[in-house]
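Structure file protein.cif (mmCIF, C-alpha atoms and all ligand atoms) is printed below.
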data_target
loop_
_atom_site.group_PDB
_atom_site.id
_atom_site.type_symbol
_atom_site.label_atom_id
_atom_site.label_comp_id
_atom_site.auth_asym_id
_atom_site.auth_seq_id
_atom_site.Cartn_x
_atom_site.Cartn_y
_atom_site.Cartn_z
ATOM 1 C CA MET A 1 -8.485 33.124 -3.785
ATOM 2 C CA GLU A 2 -8.263 32.289 -0.071
ATOM 3 C CA LYS A 3 -6.171 29.262 0.919
ATOM 4 C CA PRO A 4 -7.850 26.300 2.670
ATOM 5 C CA LEU A 5 -7.725 26.254 6.462
ATOM 6 C CA LYS A 6 -5.808 23.092 7.381
ATOM 7 C CA GLY A 7 -5.359 23.886 11.060
ATOM 8 C CA PHE A 8 -7.495 23.229 14.114
ATOM 9 C CA PHE A 9 -9.207 26.139 15.856
ATOM 10 C CA VAL A 10 -10.004 25.958 19.581
ATOM 11 C CA THR A 11 -11.427 28.769 21.717
ATOM 12 C CA LEU A 12 -11.701 29.109 25.478
ATOM 13 C CA GLU A 13 -14.630 31.040 26.877
ATOM 14 C CA GLY A 14 -16.045 31.960 30.261
ATOM 15 C CA GLY A 15 -16.650 34.775 32.702
ATOM 16 C CA GLU A 16 -14.090 36.695 34.725
ATOM 17 C CA GLY A 17 -11.593 34.519 36.618
ATOM 18 C CA SER A 18 -12.744 31.320 34.967
ATOM 19 C CA GLY A 19 -9.081 30.368 34.442
ATOM 20 C CA LYS A 20 -8.818 30.606 30.638
ATOM 21 C CA THR A 21 -5.393 32.208 30.589
ATOM 22 C CA THR A 22 -3.889 29.796 33.123
ATOM 23 C CA LEU A 23 -5.288 26.823 31.260
ATOM 24 C CA LEU A 24 -4.301 27.987 27.775
ATOM 25 C CA HIS A 25 -0.605 28.063 28.680
ATOM 26 C CA ARG A 26 -0.813 24.530 30.067
ATOM 27 C CA LEU A 27 -2.667 23.274 26.990
ATOM 28 C CA LYS A 28 -0.129 24.882 24.673
ATOM 29 C CA ASP A 29 2.673 22.995 26.487
ATOM 30 C CA ASP A 30 0.696 19.716 26.310
ATOM 31 C CA LEU A 31 0.161 20.084 22.564
ATOM 32 C CA GLU A 32 3.738 21.148 21.813
ATOM 33 C CA ASN A 33 5.064 18.210 23.861
ATOM 34 C CA GLU A 34 3.159 15.959 21.435
ATOM 35 C CA GLY A 35 4.785 17.675 18.459
ATOM 36 C CA HIS A 36 1.994 20.034 17.428
ATOM 37 C CA SER A 37 2.665 23.534 16.194
ATOM 38 C CA VAL A 38 0.540 25.947 18.240
ATOM 39 C CA LEU A 39 -0.443 29.603 18.102
ATOM 40 C CA LEU A 40 -1.645 30.972 21.435
ATOM 41 C CA THR A 41 -3.655 34.124 20.968
ATOM 42 C CA PHE A 42 -6.370 36.246 22.613
ATOM 43 C CA GLU A 43 -9.018 38.937 22.166
ATOM 44 C CA PRO A 44 -9.081 41.837 22.369
ATOM 45 C CA GLY A 45 -5.654 43.188 21.519
ATOM 46 C CA CYS A 46 -3.449 40.609 19.819
ATOM 47 C CA SER A 47 -2.852 42.374 16.495
ATOM 48 C CA GLU A 48 -0.916 45.661 16.239
ATOM 49 C CA ILE A 49 -4.091 47.681 15.622
ATOM 50 C CA GLY A 50 -5.887 45.574 18.218
ATOM 51 C CA LYS A 51 -3.473 46.781 20.925
ATOM 52 C CA GLN A 52 -4.827 50.309 20.478
ATOM 53 C CA ILE A 53 -8.423 49.099 20.324
ATOM 54 C CA ARG A 54 -7.902 47.167 23.584
ATOM 55 C CA LEU A 55 -6.936 50.381 25.376
ATOM 56 C CA TRP A 56 -10.054 52.152 24.117
ATOM 57 C CA ILE A 57 -12.230 49.259 25.248
ATOM 58 C CA LEU A 58 -10.840 48.542 28.703
ATOM 59 C CA GLU A 59 -9.790 51.949 30.020
ATOM 60 C CA GLU A 60 -12.319 53.774 32.137
ATOM 61 C CA SER A 61 -13.332 57.218 30.850
ATOM 62 C CA GLN A 62 -15.639 58.958 33.307
ATOM 63 C CA ASN A 63 -16.417 61.810 30.941
ATOM 64 C CA HIS A 64 -17.145 59.716 27.874
ATOM 65 C CA PRO A 65 -18.829 56.407 28.723
ATOM 66 C CA LEU A 66 -18.628 53.938 25.837
ATOM 67 C CA GLU A 67 -21.946 53.243 24.102
ATOM 68 C CA PRO A 68 -22.841 49.494 23.901
ATOM 69 C CA LEU A 69 -23.000 49.688 20.093
ATOM 70 C CA ALA A 70 -19.659 51.482 19.908
ATOM 71 C CA GLU A 71 -18.211 48.843 22.254
ATOM 72 C CA LEU A 72 -19.561 46.080 19.991
ATOM 73 C CA MET A 73 -17.999 47.679 16.923
ATOM 74 C CA LEU A 74 -14.612 47.985 18.643
ATOM 75 C CA PHE A 75 -14.598 44.276 19.546
ATOM 76 C CA LEU A 76 -15.538 43.433 15.961
ATOM 77 C CA ALA A 77 -12.867 45.695 14.473
ATOM 78 C CA ASP A 78 -10.334 44.005 16.742
ATOM 79 C CA ARG A 79 -11.577 40.588 15.576
ATOM 80 C CA ALA A 80 -11.470 41.405 11.860
ATOM 81 C CA GLN A 81 -7.852 42.505 12.226
ATOM 82 C CA HIS A 82 -6.978 39.562 14.483
ATOM 83 C CA ILE A 83 -8.368 37.031 11.998
ATOM 84 C CA HIS A 84 -6.587 38.681 9.085
ATOM 85 C CA GLU A 85 -3.202 39.131 10.808
ATOM 86 C CA CYS A 86 -2.986 36.126 13.112
ATOM 87 C CA ILE A 87 -5.691 33.438 13.089
ATOM 88 C CA ARG A 88 -6.226 32.819 9.380
ATOM 89 C CA PRO A 89 -2.503 32.676 8.451
ATOM 90 C CA ALA A 90 -1.855 30.203 11.306
ATOM 91 C CA LEU A 91 -4.778 27.983 10.247
ATOM 92 C CA GLU A 92 -3.596 28.109 6.621
ATOM 93 C CA GLU A 93 -0.208 26.838 7.833
ATOM 94 C CA GLY A 94 -1.937 23.942 9.598
ATOM 95 C CA LYS A 95 -1.292 25.119 13.161
ATOM 96 C CA ILE A 96 -3.471 24.508 16.175
ATOM 97 C CA VAL A 97 -4.830 27.910 17.192
ATOM 98 C CA LEU A 98 -5.754 28.316 20.862
ATOM 99 C CA CYS A 99 -7.673 31.536 21.340
ATOM 100 C CA ASP A 100 -8.659 33.210 24.625
ATOM 101 C CA ARG A 101 -12.191 34.507 23.795
ATOM 102 C CA PHE A 102 -13.869 34.848 20.384
ATOM 103 C CA THR A 103 -17.429 35.358 19.076
ATOM 104 C CA ASP A 104 -19.182 33.648 22.014
ATOM 105 C CA SER A 105 -17.813 36.368 24.307
ATOM 106 C CA THR A 106 -19.399 38.988 22.057
ATOM 107 C CA VAL A 107 -22.784 37.296 22.299
ATOM 108 C CA ALA A 108 -22.524 36.832 26.080
ATOM 109 C CA TYR A 109 -21.108 40.294 26.928
ATOM 110 C CA GLN A 110 -22.564 42.638 24.302
ATOM 111 C CA GLY A 111 -25.734 40.609 23.642
ATOM 112 C CA PHE A 112 -26.804 39.221 27.015
ATOM 113 C CA ALA A 113 -25.108 41.627 29.432
ATOM 114 C CA ARG A 114 -25.239 44.909 27.482
ATOM 115 C CA GLY A 115 -28.719 44.068 26.182
ATOM 116 C CA LEU A 116 -28.067 44.321 22.432
ATOM 117 C CA ASP A 117 -30.275 42.166 20.209
ATOM 118 C CA VAL A 118 -28.768 38.654 20.440
ATOM 119 C CA PRO A 119 -29.691 37.321 16.944
ATOM 120 C CA ARG A 120 -28.349 40.493 15.343
ATOM 121 C CA VAL A 121 -25.130 40.309 17.368
ATOM 122 C CA GLN A 122 -24.744 36.686 16.209
ATOM 123 C CA GLU A 123 -25.374 37.720 12.605
ATOM 124 C CA ILE A 124 -22.777 40.464 12.630
ATOM 125 C CA CYS A 125 -20.266 38.159 14.343
ATOM 126 C CA GLU A 126 -20.757 35.689 11.529
ATOM 127 C CA LEU A 127 -20.203 38.402 8.966
ATOM 128 C CA VAL A 128 -16.906 39.388 10.603
ATOM 129 C CA SER A 129 -15.520 35.911 11.206
ATOM 130 C CA GLY A 130 -16.727 34.369 7.929
ATOM 131 C CA TYR A 131 -15.587 30.782 7.634
ATOM 132 C CA VAL A 132 -13.267 31.020 10.613
ATOM 133 C CA LYS A 133 -15.279 29.120 13.197
ATOM 134 C CA PRO A 134 -13.938 27.148 16.171
ATOM 135 C CA PHE A 135 -14.056 23.345 15.908
ATOM 136 C CA LEU A 136 -14.114 23.198 19.692
ATOM 137 C CA THR A 137 -14.988 25.757 22.340
ATOM 138 C CA ILE A 138 -14.287 24.993 25.971
ATOM 139 C CA PHE A 139 -16.676 26.917 28.195
ATOM 140 C CA LEU A 140 -15.089 27.234 31.651
ATOM 141 C CA ASP A 141 -18.144 27.467 33.837
ATOM 142 C CA VAL A 142 -17.451 29.257 37.119
ATOM 143 C CA GLU A 143 -19.900 30.906 39.512
ATOM 144 C CA PRO A 144 -19.661 34.665 38.774
ATOM 145 C CA VAL A 145 -19.015 35.594 42.411
ATOM 146 C CA VAL A 146 -16.212 33.013 42.674
ATOM 147 C CA GLY A 147 -14.625 34.167 39.398
ATOM 148 C CA LEU A 148 -14.798 37.839 40.343
ATOM 149 C CA GLU A 149 -13.142 37.117 43.673
ATOM 150 C CA ARG A 150 -10.312 35.252 41.904
ATOM 151 C CA THR A 151 -9.826 38.237 39.572
ATOM 152 C CA ARG A 152 -9.827 40.660 42.489
ATOM 153 C CA GLN A 153 -7.195 38.587 44.295
ATOM 154 C CA ALA A 154 -5.062 38.258 41.154
ATOM 155 C CA THR A 155 -5.140 41.974 40.294
ATOM 156 C CA LYS A 156 -1.982 43.301 41.944
ATOM 157 C CA SER A 157 -3.033 46.961 41.893
ATOM 158 C CA GLY A 158 -6.511 46.024 43.102
ATOM 159 C CA LYS A 159 -7.848 48.125 40.217
ATOM 160 C CA MET A 160 -10.282 46.293 37.965
ATOM 161 C CA ASP A 161 -10.776 47.362 34.324
ATOM 162 C CA ARG A 162 -13.955 48.926 32.889
ATOM 163 C CA ILE A 163 -15.720 45.603 32.241
ATOM 164 C CA GLU A 164 -14.474 43.748 35.327
ATOM 165 C CA SER A 165 -15.844 46.610 37.466
ATOM 166 C CA GLU A 166 -19.408 46.085 36.248
ATOM 167 C CA SER A 167 -22.042 44.885 38.765
ATOM 168 C CA VAL A 168 -22.458 41.267 39.885
ATOM 169 C CA GLU A 169 -25.808 41.294 38.032
ATOM 170 C CA PHE A 170 -23.973 42.157 34.786
ATOM 171 C CA HIS A 171 -21.625 39.204 35.325
ATOM 172 C CA LYS A 172 -24.582 36.912 36.046
ATOM 173 C CA GLN A 173 -26.071 37.873 32.667
ATOM 174 C CA ILE A 174 -22.799 36.912 30.987
ATOM 175 C CA HIS A 175 -22.916 33.550 32.763
ATOM 176 C CA LYS A 176 -26.498 33.063 31.562
ATOM 177 C CA GLY A 177 -25.401 33.956 28.030
ATOM 178 C CA PHE A 178 -22.656 31.339 27.969
ATOM 179 C CA HIS A 179 -25.086 28.671 29.241
ATOM 180 C CA TRP A 180 -27.560 29.610 26.536
ATOM 181 C CA LEU A 181 -24.853 29.338 23.866
ATOM 182 C CA HIS A 182 -23.799 25.932 25.207
ATOM 183 C CA GLU A 183 -27.417 24.730 24.961
ATOM 184 C CA GLN A 184 -27.647 25.976 21.353
ATOM 185 C CA GLU A 185 -24.457 24.203 20.229
ATOM 186 C CA PRO A 186 -23.589 21.443 22.738
ATOM 187 C CA GLN A 187 -21.350 19.625 20.251
ATOM 188 C CA ARG A 188 -19.047 22.596 19.662
ATOM 189 C CA ILE A 189 -19.326 24.338 23.036
ATOM 190 C CA VAL A 190 -18.370 21.883 25.750
ATOM 191 C CA LEU A 191 -18.900 22.856 29.378
ATOM 192 C CA VAL A 192 -16.152 22.180 31.914
ATOM 193 C CA ASP A 193 -16.795 22.846 35.599
ATOM 194 C CA ALA A 194 -14.183 25.487 36.425
ATOM 195 C CA ASN A 195 -15.173 25.742 40.095
ATOM 196 C CA LYS A 196 -12.953 22.675 40.567
ATOM 197 C CA PRO A 197 -9.190 22.849 41.307
ATOM 198 C CA ILE A 198 -7.129 23.895 38.299
ATOM 199 C CA GLU A 199 -5.409 20.460 38.008
ATOM 200 C CA GLU A 200 -8.786 18.751 37.493
ATOM 201 C CA VAL A 201 -9.954 21.412 35.037
ATOM 202 C CA HIS A 202 -6.681 21.018 33.144
ATOM 203 C CA GLN A 203 -6.999 17.218 32.844
ATOM 204 C CA GLU A 204 -10.574 17.462 31.582
ATOM 205 C CA ALA A 205 -9.757 20.143 29.008
ATOM 206 C CA LYS A 206 -6.647 18.288 27.839
ATOM 207 C CA THR A 207 -8.614 15.074 27.238
ATOM 208 C CA LEU A 208 -11.265 17.015 25.337
ATOM 209 C CA ILE A 209 -8.788 18.646 22.969
ATOM 210 C CA PHE A 210 -6.785 15.492 22.265
ATOM 211 C CA ASP A 211 -9.981 13.489 21.612
ATOM 212 C CA ARG A 212 -11.269 16.118 19.187
ATOM 213 C CA ILE A 213 -7.966 16.289 17.346
ATOM 214 C CA LYS A 214 -8.070 12.493 16.891
ATOM 215 C CA GLU A 215 -11.604 12.738 15.443
ATOM 216 C CA TYR A 216 -10.541 15.564 13.126
ATOM 217 C CA VAL A 217 -7.357 14.035 11.679
HETATM 218 N N1 LIG B 1 -14.962 40.978 25.880
HETATM 219 C C1 LIG B 1 -16.199 41.406 25.450
HETATM 220 O O1 LIG B 1 -16.919 42.096 26.179
HETATM 221 N N2 LIG B 1 -16.605 41.083 24.185
HETATM 222 C C2 LIG B 1 -15.825 40.380 23.329
HETATM 223 O O2 LIG B 1 -16.237 40.125 22.190
HETATM 224 C C3 LIG B 1 -14.540 39.930 23.796
HETATM 225 C C4 LIG B 1 -14.142 40.247 25.078
HETATM 226 C C5 LIG B 1 -13.651 39.152 22.877
HETATM 227 C C6 LIG B 1 -11.089 41.193 28.063
HETATM 228 O O3 LIG B 1 -10.441 41.110 29.254
HETATM 229 C C7 LIG B 1 -12.493 41.695 28.360
HETATM 230 O O4 LIG B 1 -13.189 41.895 27.143
HETATM 231 C C8 LIG B 1 -13.270 40.668 29.134
HETATM 232 C C9 LIG B 1 -14.407 40.252 28.199
HETATM 233 C C10 LIG B 1 -14.500 41.362 27.235
HETATM 234 N N3 LIG B 1 -13.870 41.217 30.264
HETATM 235 N N4 LIG B 1 -13.286 41.903 31.085
HETATM 236 N N5 LIG B 1 -12.801 42.553 31.827
HETATM 237 P P1 LIG B 1 -9.013 40.478 29.463
HETATM 238 O O5 LIG B 1 -8.449 40.006 28.167
HETATM 239 O O6 LIG B 1 -8.205 41.460 30.236
HETATM 240 O O7 LIG B 1 -9.274 39.301 30.480
HETATM 241 P P2 LIG B 1 -10.303 38.135 30.566
HETATM 242 O O8 LIG B 1 -10.454 37.473 29.263
HETATM 243 O O9 LIG B 1 -11.525 38.626 31.224
HETATM 244 O O10 LIG B 1 -9.646 37.044 31.481
HETATM 245 P P3 LIG B 1 -8.493 37.066 32.506
HETATM 246 O O11 LIG B 1 -8.497 38.275 33.380
HETATM 247 O O12 LIG B 1 -7.262 36.811 31.738
HETATM 248 O O13 LIG B 1 -8.938 35.914 33.455
HETATM 249 P P4 LIG B 1 -9.106 34.360 33.151
HETATM 250 O O14 LIG B 1 -8.322 34.020 31.943
HETATM 251 O O15 LIG B 1 -10.504 33.933 33.154
HETATM 252 O O16 LIG B 1 -8.464 33.712 34.423
HETATM 253 P P5 LIG B 1 -6.899 33.497 34.820
HETATM 254 O O17 LIG B 1 -6.111 34.744 34.556
HETATM 255 O O18 LIG B 1 -6.402 32.247 34.255
HETATM 256 O O19 LIG B 1 -7.102 33.257 36.377
HETATM 257 C C11 LIG B 1 -7.477 34.292 37.246
HETATM 258 C C12 LIG B 1 -6.986 33.924 38.667
HETATM 259 O O20 LIG B 1 -7.703 32.765 39.123
HETATM 260 C C13 LIG B 1 -5.499 33.555 38.735
HETATM 261 O O21 LIG B 1 -4.973 34.006 39.944
HETATM 262 C C14 LIG B 1 -5.505 32.023 38.699
HETATM 263 O O22 LIG B 1 -4.407 31.467 39.363
HETATM 264 C C15 LIG B 1 -6.805 31.725 39.441
HETATM 265 N N6 LIG B 1 -7.435 30.462 38.999
HETATM 266 C C16 LIG B 1 -7.615 30.023 37.734
HETATM 267 N N7 LIG B 1 -8.244 28.841 37.721
HETATM 268 C C17 LIG B 1 -8.488 28.523 39.008
HETATM 269 C C18 LIG B 1 -9.132 27.407 39.657
HETATM 270 N N8 LIG B 1 -9.647 26.397 38.958
HETATM 271 N N9 LIG B 1 -9.212 27.420 40.998
HETATM 272 C C19 LIG B 1 -8.690 28.460 41.721
HETATM 273 N N10 LIG B 1 -8.065 29.526 41.189
HETATM 274 C C20 LIG B 1 -7.969 29.568 39.848
#
Show me, as structure tokens, the structure contained in the file I just sent.
Ligand code: Z5A
Amino acid sequence: MEKPLKGFFVTLEGGEGSGKTTLLHRLKDDLENEGHSVLLTFEPGCSEIGKQIRLWILEESQNHPLEPLAELMLFLADRAQHIHECIRPALEEGKIVLCDRFTDSTVAYQGFARGLDVPRVQEICELVSGYVKPFLTIFLDVEPVVGLERTRQATKSGKMDRIESESVEFHKQIHKGFHWLHEQEPQRIVLVDANKPIEEVHQEAKTLIFDRIKEYV
């Protein structure tokens, strides 16, 4: 029988360059400074098998373009392994799990941007993640053009990966997808304006997490 999940699961979501990674490290420090035990993790590619899957997903292959359905299945395989190896054990131990992307990314990227059927993508995501659902999702809302420019500037080699290199229109669909998800579940998915300076975004996100933890305990 599966053990109860005593921990607190938080995900960060948003388009390219929304600042998830930067913010997650700051939030981890904030929580640890208050004595919490934290697992910082991400998708795709955190588990051992996931590292291989990440390469298949993000590397460009001119001769063999990845089919949207095949792409979906790779993200889901990564997630199943990630939950089993990392997320579930940490939640069973009572840790706070901070995760960079989860099921909402699948709906926004593979559903809205790749054009797969959104309700069916949601259904299959539910099947894969089972009872492991975030208590809080922070949606870092940045204008796609602004986020893409940040990513371009931050990429030392100047070479974007297979998904980052998609058209601006593709990234606008992702943005639309995240807004739609926020409207469906405003209690869980809280929007933070990530066009603002990182210090302001950090303060807002920090307050959100600490308030939710207080409600939960
Ligand atoms: N994907 C999918 O399609 N389906 C799925 O189910 C899942 C994922 C789970 C994973 O890429 C890709 O997989 C991703 C979605 C897709 N698309 N792509 N490509 P990844 O793991 O390599 O990276 P990412 O998740 O897209 O995020 P990132 O590159 O790590 O960026 P970020 O976390 O959003 O931003 P950052 O690294 O914190 O910041 C980027 C730069 O902006 C950096 O120089 C910061 O200093 C700067 N920054 C951050 N915040 C600010 C503010 N507020 N002002 C100014 N500058 C800022």
Protein and nucleic residues near ligand LIG 1 (chain B), 6 Å, all atoms listed in the file, as a ChimeraX atom specification: /A:16-22,43-44,75,101-103,105-106,109-110,150-151,154,161,163-164,194-198
Please write the residues from the selection above to a file, keeping C-alpha atoms, as an mmCIF file, in the coordinates of the input.
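Once written, selection.cif looks like this:
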data_model
loop_
_atom_site.group_PDB
_atom_site.id
_atom_site.type_symbol
_atom_site.label_atom_id
_atom_site.label_comp_id
_atom_site.auth_asym_id
_atom_site.auth_seq_id
_atom_site.Cartn_x
_atom_site.Cartn_y
_atom_site.Cartn_z
ATOM 1 C CA GLU A 16 -14.090 36.695 34.725
ATOM 2 C CA GLY A 17 -11.593 34.519 36.618
ATOM 3 C CA SER A 18 -12.744 31.320 34.967
ATOM 4 C CA GLY A 19 -9.081 30.368 34.442
ATOM 5 C CA LYS A 20 -8.818 30.606 30.638
ATOM 6 C CA THR A 21 -5.393 32.208 30.589
ATOM 7 C CA THR A 22 -3.889 29.796 33.123
ATOM 8 C CA GLU A 43 -9.018 38.937 22.166
ATOM 9 C CA PRO A 44 -9.081 41.837 22.369
ATOM 10 C CA PHE A 75 -14.598 44.276 19.546
ATOM 11 C CA ARG A 101 -12.191 34.507 23.795
ATOM 12 C CA PHE A 102 -13.869 34.848 20.384
ATOM 13 C CA THR A 103 -17.429 35.358 19.076
ATOM 14 C CA SER A 105 -17.813 36.368 24.307
ATOM 15 C CA THR A 106 -19.399 38.988 22.057
ATOM 16 C CA TYR A 109 -21.108 40.294 26.928
ATOM 17 C CA GLN A 110 -22.564 42.638 24.302
ATOM 18 C CA ARG A 150 -10.312 35.252 41.904
ATOM 19 C CA THR A 151 -9.826 38.237 39.572
ATOM 20 C CA ALA A 154 -5.062 38.258 41.154
ATOM 21 C CA ASP A 161 -10.776 47.362 34.324
ATOM 22 C CA ILE A 163 -15.720 45.603 32.241
ATOM 23 C CA GLU A 164 -14.474 43.748 35.327
ATOM 24 C CA ALA A 194 -14.183 25.487 36.425
ATOM 25 C CA ASN A 195 -15.173 25.742 40.095
ATOM 26 C CA LYS A 196 -12.953 22.675 40.567
ATOM 27 C CA PRO A 197 -9.190 22.849 41.307
ATOM 28 C CA ILE A 198 -7.129 23.895 38.299
#
For A:Ala90: contacts at 10 Å, all atoms listed in the file, fewer than 5 positions along chain excluded, given as a count of residues only: 14
Output check: residues returned by the PyMOL selection byres (((chain A and resi 138) around 6) and not hetatm), as a PyMOL selection string: chain A and resi 12+137+139+189-190
Selected residue of minimal separation from A:Pro144 among A:Phe42, A:Trp56, A:Phe170, A:Tyr131, counting all atoms listed in the file: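 Checking each candidate against A:Pro144, we get A:Phe170 as the closest.
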Atom CA of A:Gly94 to atom CA of A:Leu24, distance in Å rounded to a single decimal: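 Interatomic distance, atom CA of A:Gly94 to atom CA of A:Leu24: 18.8 Å.
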A:Tyr216 environment, 9 Å, all atoms listed in the file, sequence neighbours closer than 2 positions dropped, as an NGL selection string: :A and (8 or 135 or 211-214)
Nearest to A:Glu59 by atom-to-atom distance, counting only C-alpha atoms, from A:Ala205, A:Lys3, A:Lys159, A:Glu169: A:Lys159
Test item: residues at most 9 Å from stretch 118-127 of chain A, all atoms listed in the file, excluding those fewer than 2 positions along its chain, as number ranges by chain: A: 72, 76, 103-104, 106-108, 110-112, 115-116, 129-133
Output for the residues just chosen: C-alpha atoms as a compact mmCIF listing (two decimals), in the frame of the given file:
# COMPACT_ATOMS: atom_id res chain seq x y z
CA LEU A 72 -19.56 46.08 19.99
CA LEU A 76 -15.54 43.43 15.96
CA THR A 103 -17.43 35.36 19.08
CA ASP A 104 -19.18 33.65 22.01
CA THR A 106 -19.40 38.99 22.06
CA VAL A 107 -22.78 37.30 22.30
CA ALA A 108 -22.52 36.83 26.08
CA GLN A 110 -22.56 42.64 24.30
CA GLY A 111 -25.73 40.61 23.64
CA PHE A 112 -26.80 39.22 27.02
CA GLY A 115 -28.72 44.07 26.18
CA LEU A 116 -28.07 44.32 22.43
CA SER A 129 -15.52 35.91 11.21
CA GLY A 130 -16.73 34.37 7.93
CA TYR A 131 -15.59 30.78 7.63
CA VAL A 132 -13.27 31.02 10.61
CA LYS A 133 -15.28 29.12 13.20
Resolved residues for the PyMOL selection byres (((chain A and resi 179) around 10) and not hetatm) as an NGL selection string: :A and (14 or 108 or 139 or 141 or 173-178 or 180-184 or 186 or 189 or 191)
d(atom CA of A:Val192, atom CA of A:Gly15) in Å: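 Those two atoms sit 12.6 Å apart.
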Residue with smallest distance to A:His171 - pool A:Thr155, A:Arg114, A:Gln203, A:Arg79, counting all atoms listed in the file: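 The answer is A:Arg114, which sits nearest to A:His171.
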Atomic distance atom CA of A:Leu140 - atom CA of A:Thr11, expressed in Å with one decimal: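 These atoms are spaced 10.7 Å apart.
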Residue among A:Leu98, A:Ile53, A:Leu91, A:Leu136 lying closest to A:Pro4, counting all atoms listed in the file: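 The closest residue to A:Pro4 is A:Leu91.
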Residue among A:Cys99, A:Leu74, A:Val128, A:Val168 lying closest to A:Leu23, counting all atoms listed in the file: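 Smallest distance to A:Leu23 is found for A:Cys99.
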